[in-house]
Amino acid sequence: MKKIKKIKIKLNGKSKSLPDSTYLPDLLKKLNIPINKVAIELNEEIIDKKKINKIRLNENDKIEIVHFIGGG
Amino acid sequence: MKKDNFVIAKKKFNSRLIVGTGKYKSMSECAKAIKLSGADIVTVAVRRVNITDRNKPLLMDYIDPKKITYLPNTAGCFTAKDALRTLRLAREIGGWKLVKLEVLGDKKNLFPDMIETLKSTEVLAKEGFKVMVYCNDDPLMAKRLENAGADAIMPLAAPIGSGLGILNKINIQIIRKQTKLPVIIDAGLGQASDATIAMELGCDGVLVNTAIANAKKPFEMAIAFKHAVIAGRQSFKSGRINKTLMGNASSPTKGII
């Protein structure tokens with residue numbers, strides 16, 4: 001059996017291992033993230049949510065997913 | 001009576017009370033307090049999504065951003081770079097352009113770093129944000145923020161969460177007098193009467209979080225603040241009497257038996 005190559009990324013500050021050639025929407029779906037209620041940064045650049053489908057994740061990518069919480 | 005609109009960045013709002021959504025025991029408590037306060041703007045913070053526990057309740061499920069205006073803040077930011085990053089992300093979440101800029105300079109007293117705040121205001125205004133700026137009660141700095149493109153000046157009454165009330169009424173009055181922008185007292189109020197005083201000084205609104213959320217009875221305090229802001233505004237618009245050193249009898253002195 002062919003072993004699937006893995007990549008390591010940082011997601012919200014924590015290391016995460018993903019199958020190679022994971023696309024960003026796959027990850028969001030897996031994590032059950034409501035796209036319309038979050039903003040996403042990839043390597044400190046904000047992702048245009050309309051173009052999300054084209055983004056393939058690479059080794060050492062840093063992803064931040066943020067939303068609104070209570071604050072003053 | 002002439003309609004007394006509360007306008008920020010050309011948008012009209014009904015309530016002059018803006019409330020924060022932090023420090024509540026639960027989302028439902030927060031949502032109910034907001035409803036009772038009558039506020040139609042609430043401040044919110046931008047934070048990482050909890051990846052490991054996806055069952056945590058979401059603010060947007062309790063407070064509908066279509067009905068209540070979300071005012072994203074930059075709480076916890078200590079540099080212009082962090083504040084800009086946060087607000088650009090906030091804009092991306094849902095197209096928010098009206099934001100509360102808050103760049104702090106000291107972790108203990110939570111006073112704003114006005115140099116970083118001013119820098120951020122300039123950049124944000126150029127990027128098309130409508131910036132409501134948390135600042136100290138310095139009239140000169142307030143003027144600089146206005147010149148840098150701020151949409152509202154939000155001087156502190158006292159340190160964030162301190163409950164001390166308005167410490168420098170004179171400065172607040174000078175700030176109000178010198179600017180065309182809305183002036184909103186942000187931070188440091190402790191009880192409803194503090195909000196009335198702010199409004200009587202001529203401020204256009206107040207922003208309250210801790211005084212409601214941490215009150216023993218947050219719902220009752222939310223209602224108290226709602227009325228306090230209305231009372232203060234009415235009082236300001238009504239034109240108070242002059243102060244005199246000696247007494248001035250309320251009943252006629254003629255015809256005394």
# chains A, B, ... in the order shown; residues from 1 in each chain; ligands from 1
>>> interface_residues(of="chain B", to="chain A", cutoff="9 Å", atoms="only C-alpha atoms", output="number ranges by chain")
B: 19-24, 27, 30, 42-52, 54, 58-60, 72-73, 75, 85, 88-94, 187, 207-210
>>> residues_around(residues="A:Asp26", least_positions_apart="4", cutoff="12 Å", atoms="only C-alpha atoms", output="ChimeraX atom specification")
/A:18-22,30-33,35,52-57
>>> closest_residue(among="B:Glu116, B:Val183, B:Gly165, B:Glu102", to="B:Ala142", atoms="only C-alpha atoms")
B:Val183
>>> select_by_dssp(residues="stretch 17-179 of chain B", states="strand (DSSP E)", output="ChimeraX atom specification")
/B:17-20,41-48,69-72,98-101,130-135,152-155
>>> select_by_dssp(residues="stretch 52-158 of chain B", states="helix (DSSP H, G or I)", output="number ranges by chain")
B: 59-62, 80-94, 114-126, 139-147
>>> write_last_selection(atoms="N, CA and C atoms", output="short mmCIF file (atom, residue, chain, number, x, y, z; two decimals), in the first residue's frame")
data_model
loop_
_atom_site.label_atom_id
_atom_site.label_comp_id
_atom_site.auth_asym_id
_atom_site.auth_seq_id
_atom_site.Cartn_x
_atom_site.Cartn_y
_atom_site.Cartn_z
N LEU B 59 -21.04 33.75 19.32
CA LEU B 59 -21.68 35.03 19.60
C LEU B 59 -22.76 35.36 18.56
N MET B 60 -22.42 35.08 17.31
CA MET B 60 -23.34 35.42 16.22
C MET B 60 -24.66 34.64 16.29
N ASP B 61 -24.63 33.49 17.00
CA ASP B 61 -25.86 32.73 17.15
C ASP B 61 -26.78 33.35 18.21
N TYR B 62 -26.20 34.19 19.05
CA TYR B 62 -26.99 34.82 20.12
C TYR B 62 -27.35 36.27 19.82
N ALA B 80 0.46 49.25 16.60
CA ALA B 80 -0.34 49.60 15.43
C ALA B 80 -0.44 48.40 14.50
N LYS B 81 0.65 47.65 14.37
CA LYS B 81 0.69 46.49 13.47
C LYS B 81 -0.38 45.46 13.86
N ASP B 82 -0.44 45.15 15.16
CA ASP B 82 -1.42 44.17 15.64
C ASP B 82 -2.84 44.68 15.45
N ALA B 83 -3.05 45.97 15.73
CA ALA B 83 -4.39 46.54 15.63
C ALA B 83 -4.87 46.51 14.18
N LEU B 84 -3.97 46.84 13.25
CA LEU B 84 -4.35 46.85 11.84
C LEU B 84 -4.67 45.43 11.36
N ARG B 85 -3.83 44.48 11.79
CA ARG B 85 -4.06 43.08 11.42
C ARG B 85 -5.44 42.62 11.91
N THR B 86 -5.74 42.94 13.16
CA THR B 86 -7.01 42.53 13.77
C THR B 86 -8.21 43.12 13.03
N LEU B 87 -8.14 44.40 12.72
CA LEU B 87 -9.30 45.04 12.10
C LEU B 87 -9.47 44.65 10.63
N ARG B 88 -8.37 44.35 9.96
CA ARG B 88 -8.47 43.85 8.59
C ARG B 88 -9.15 42.48 8.60
N LEU B 89 -8.82 41.67 9.60
CA LEU B 89 -9.48 40.36 9.74
C LEU B 89 -10.96 40.55 10.06
N ALA B 90 -11.25 41.49 10.95
CA ALA B 90 -12.64 41.75 11.34
C ALA B 90 -13.46 42.15 10.12
N ARG B 91 -12.86 42.98 9.29
CA ARG B 91 -13.56 43.42 8.06
C ARG B 91 -13.86 42.21 7.17
N GLU B 92 -12.91 41.29 7.13
CA GLU B 92 -13.05 40.12 6.27
C GLU B 92 -14.15 39.17 6.76
N ILE B 93 -14.39 39.15 8.08
CA ILE B 93 -15.42 38.24 8.60
C ILE B 93 -16.77 38.56 7.97
N GLY B 94 -17.05 39.86 7.84
CA GLY B 94 -18.37 40.15 7.29
C GLY B 94 -18.53 41.53 6.71
N MET B 114 -1.05 56.45 22.71
CA MET B 114 -1.61 57.40 21.74
C MET B 114 -0.76 57.54 20.48
N ILE B 115 0.53 57.28 20.58
CA ILE B 115 1.39 57.36 19.38
C ILE B 115 0.97 56.25 18.40
N GLU B 116 0.86 55.03 18.92
CA GLU B 116 0.44 53.90 18.08
C GLU B 116 -1.00 54.07 17.60
N THR B 117 -1.83 54.62 18.48
CA THR B 117 -3.24 54.85 18.13
C THR B 117 -3.37 55.82 16.97
N LEU B 118 -2.60 56.90 17.05
CA LEU B 118 -2.64 57.91 15.99
C LEU B 118 -2.16 57.33 14.65
N LYS B 119 -1.07 56.57 14.71
CA LYS B 119 -0.54 55.93 13.49
C LYS B 119 -1.59 55.02 12.86
N SER B 120 -2.24 54.22 13.71
CA SER B 120 -3.24 53.27 13.22
C SER B 120 -4.44 54.00 12.62
N THR B 121 -4.85 55.08 13.27
CA THR B 121 -6.01 55.85 12.78
C THR B 121 -5.75 56.32 11.35
N GLU B 122 -4.56 56.85 11.12
CA GLU B 122 -4.21 57.35 9.78
C GLU B 122 -4.33 56.26 8.72
N VAL B 123 -3.75 55.09 9.03
CA VAL B 123 -3.75 53.98 8.08
C VAL B 123 -5.18 53.47 7.83
N LEU B 124 -5.91 53.27 8.92
CA LEU B 124 -7.27 52.73 8.80
C LEU B 124 -8.17 53.66 8.00
N ALA B 125 -8.08 54.96 8.28
CA ALA B 125 -8.91 55.93 7.56
C ALA B 125 -8.60 55.90 6.07
N LYS B 126 -7.33 55.76 5.74
CA LYS B 126 -6.92 55.68 4.32
C LYS B 126 -7.44 54.40 3.66
N PRO B 139 -7.29 66.82 25.07
CA PRO B 139 -7.90 67.54 23.95
C PRO B 139 -6.98 67.67 22.73
N LEU B 140 -5.68 67.80 22.97
CA LEU B 140 -4.76 67.96 21.83
C LEU B 140 -4.67 66.67 21.01
N MET B 141 -4.60 65.55 21.71
CA MET B 141 -4.57 64.27 21.03
C MET B 141 -5.89 64.02 20.28
N ALA B 142 -6.98 64.39 20.92
CA ALA B 142 -8.30 64.21 20.29
C ALA B 142 -8.35 64.98 18.96
N LYS B 143 -7.77 66.17 18.96
CA LYS B 143 -7.74 66.98 17.74
C LYS B 143 -6.89 66.30 16.66
N ARG B 144 -5.77 65.75 17.10
CA ARG B 144 -4.90 65.04 16.14
C ARG B 144 -5.62 63.85 15.52
N LEU B 145 -6.39 63.14 16.35
CA LEU B 145 -7.13 61.98 15.84
C LEU B 145 -8.16 62.42 14.81
N GLU B 146 -8.80 63.54 15.10
CA GLU B 146 -9.79 64.09 14.17
C GLU B 146 -9.12 64.42 12.83
N ASN B 147 -7.97 65.08 12.91
CA ASN B 147 -7.24 65.44 11.69
C ASN B 147 -6.74 64.21 10.94
#
>>> residues_around(residues="A:Lys62", least_positions_apart="5", cutoff="7 Å", atoms="only C-alpha atoms", output="list in words")
Ile9, Lys10, Leu11, Leu42 and Asn43 of chain A
>>> decode(residues="stretch 10-30 of chain A", atoms="N, CA and C atoms", output="compact mmCIF listing (two decimals), in the first residue's frame")
# COMPACT_ATOMS: atom_id res chain seq x y z
N LYS A 10 0.78 24.87 10.82
CA LYS A 10 0.41 25.45 12.12
C LYS A 10 -0.99 26.02 11.99
N LEU A 11 -1.90 25.54 12.82
CA LEU A 11 -3.27 26.02 12.77
C LEU A 11 -3.59 26.67 14.11
N ASN A 12 -3.89 27.95 14.08
CA ASN A 12 -4.16 28.72 15.30
C ASN A 12 -3.10 28.44 16.38
N GLY A 13 -1.86 28.44 15.95
CA GLY A 13 -0.74 28.30 16.87
C GLY A 13 -0.37 26.87 17.23
N LYS A 14 -1.17 25.90 16.77
CA LYS A 14 -0.87 24.50 17.11
C LYS A 14 -0.47 23.70 15.87
N SER A 15 0.49 22.78 16.07
CA SER A 15 0.94 21.95 14.94
C SER A 15 -0.15 20.96 14.56
N LYS A 16 -0.24 20.75 13.25
CA LYS A 16 -1.24 19.81 12.76
C LYS A 16 -0.68 19.10 11.54
N SER A 17 -0.94 17.80 11.48
CA SER A 17 -0.47 17.00 10.36
C SER A 17 -1.64 16.73 9.42
N LEU A 18 -1.40 16.99 8.14
CA LEU A 18 -2.48 16.81 7.15
C LEU A 18 -1.96 16.00 5.97
N PRO A 19 -2.86 15.29 5.27
CA PRO A 19 -2.41 14.61 4.06
C PRO A 19 -1.93 15.64 3.04
N ASP A 20 -0.91 15.29 2.31
CA ASP A 20 -0.39 16.17 1.27
C ASP A 20 -1.52 16.47 0.27
N SER A 21 -1.44 17.61 -0.35
CA SER A 21 -2.44 18.09 -1.30
C SER A 21 -3.82 18.28 -0.68
N THR A 22 -3.84 18.71 0.58
CA THR A 22 -5.11 19.13 1.18
C THR A 22 -5.39 20.55 0.73
N TYR A 23 -6.62 20.79 0.34
CA TYR A 23 -7.02 22.15 -0.02
C TYR A 23 -7.68 22.80 1.20
N LEU A 24 -7.59 24.10 1.27
CA LEU A 24 -8.11 24.83 2.44
C LEU A 24 -9.59 24.50 2.73
N PRO A 25 -10.47 24.46 1.71
CA PRO A 25 -11.87 24.15 2.03
C PRO A 25 -12.05 22.76 2.65
N ASP A 26 -11.17 21.80 2.26
CA ASP A 26 -11.24 20.45 2.85
C ASP A 26 -11.02 20.53 4.36
N LEU A 27 -9.99 21.30 4.72
CA LEU A 27 -9.64 21.45 6.14
C LEU A 27 -10.79 22.10 6.92
N LEU A 28 -11.36 23.16 6.33
CA LEU A 28 -12.44 23.88 7.00
C LEU A 28 -13.66 22.99 7.19
N LYS A 29 -13.91 22.16 6.17
CA LYS A 29 -15.05 21.25 6.24
C LYS A 29 -14.82 20.21 7.34
N LYS A 30 -13.60 19.70 7.37
CA LYS A 30 -13.24 18.69 8.37
C LYS A 30 -13.40 19.24 9.79
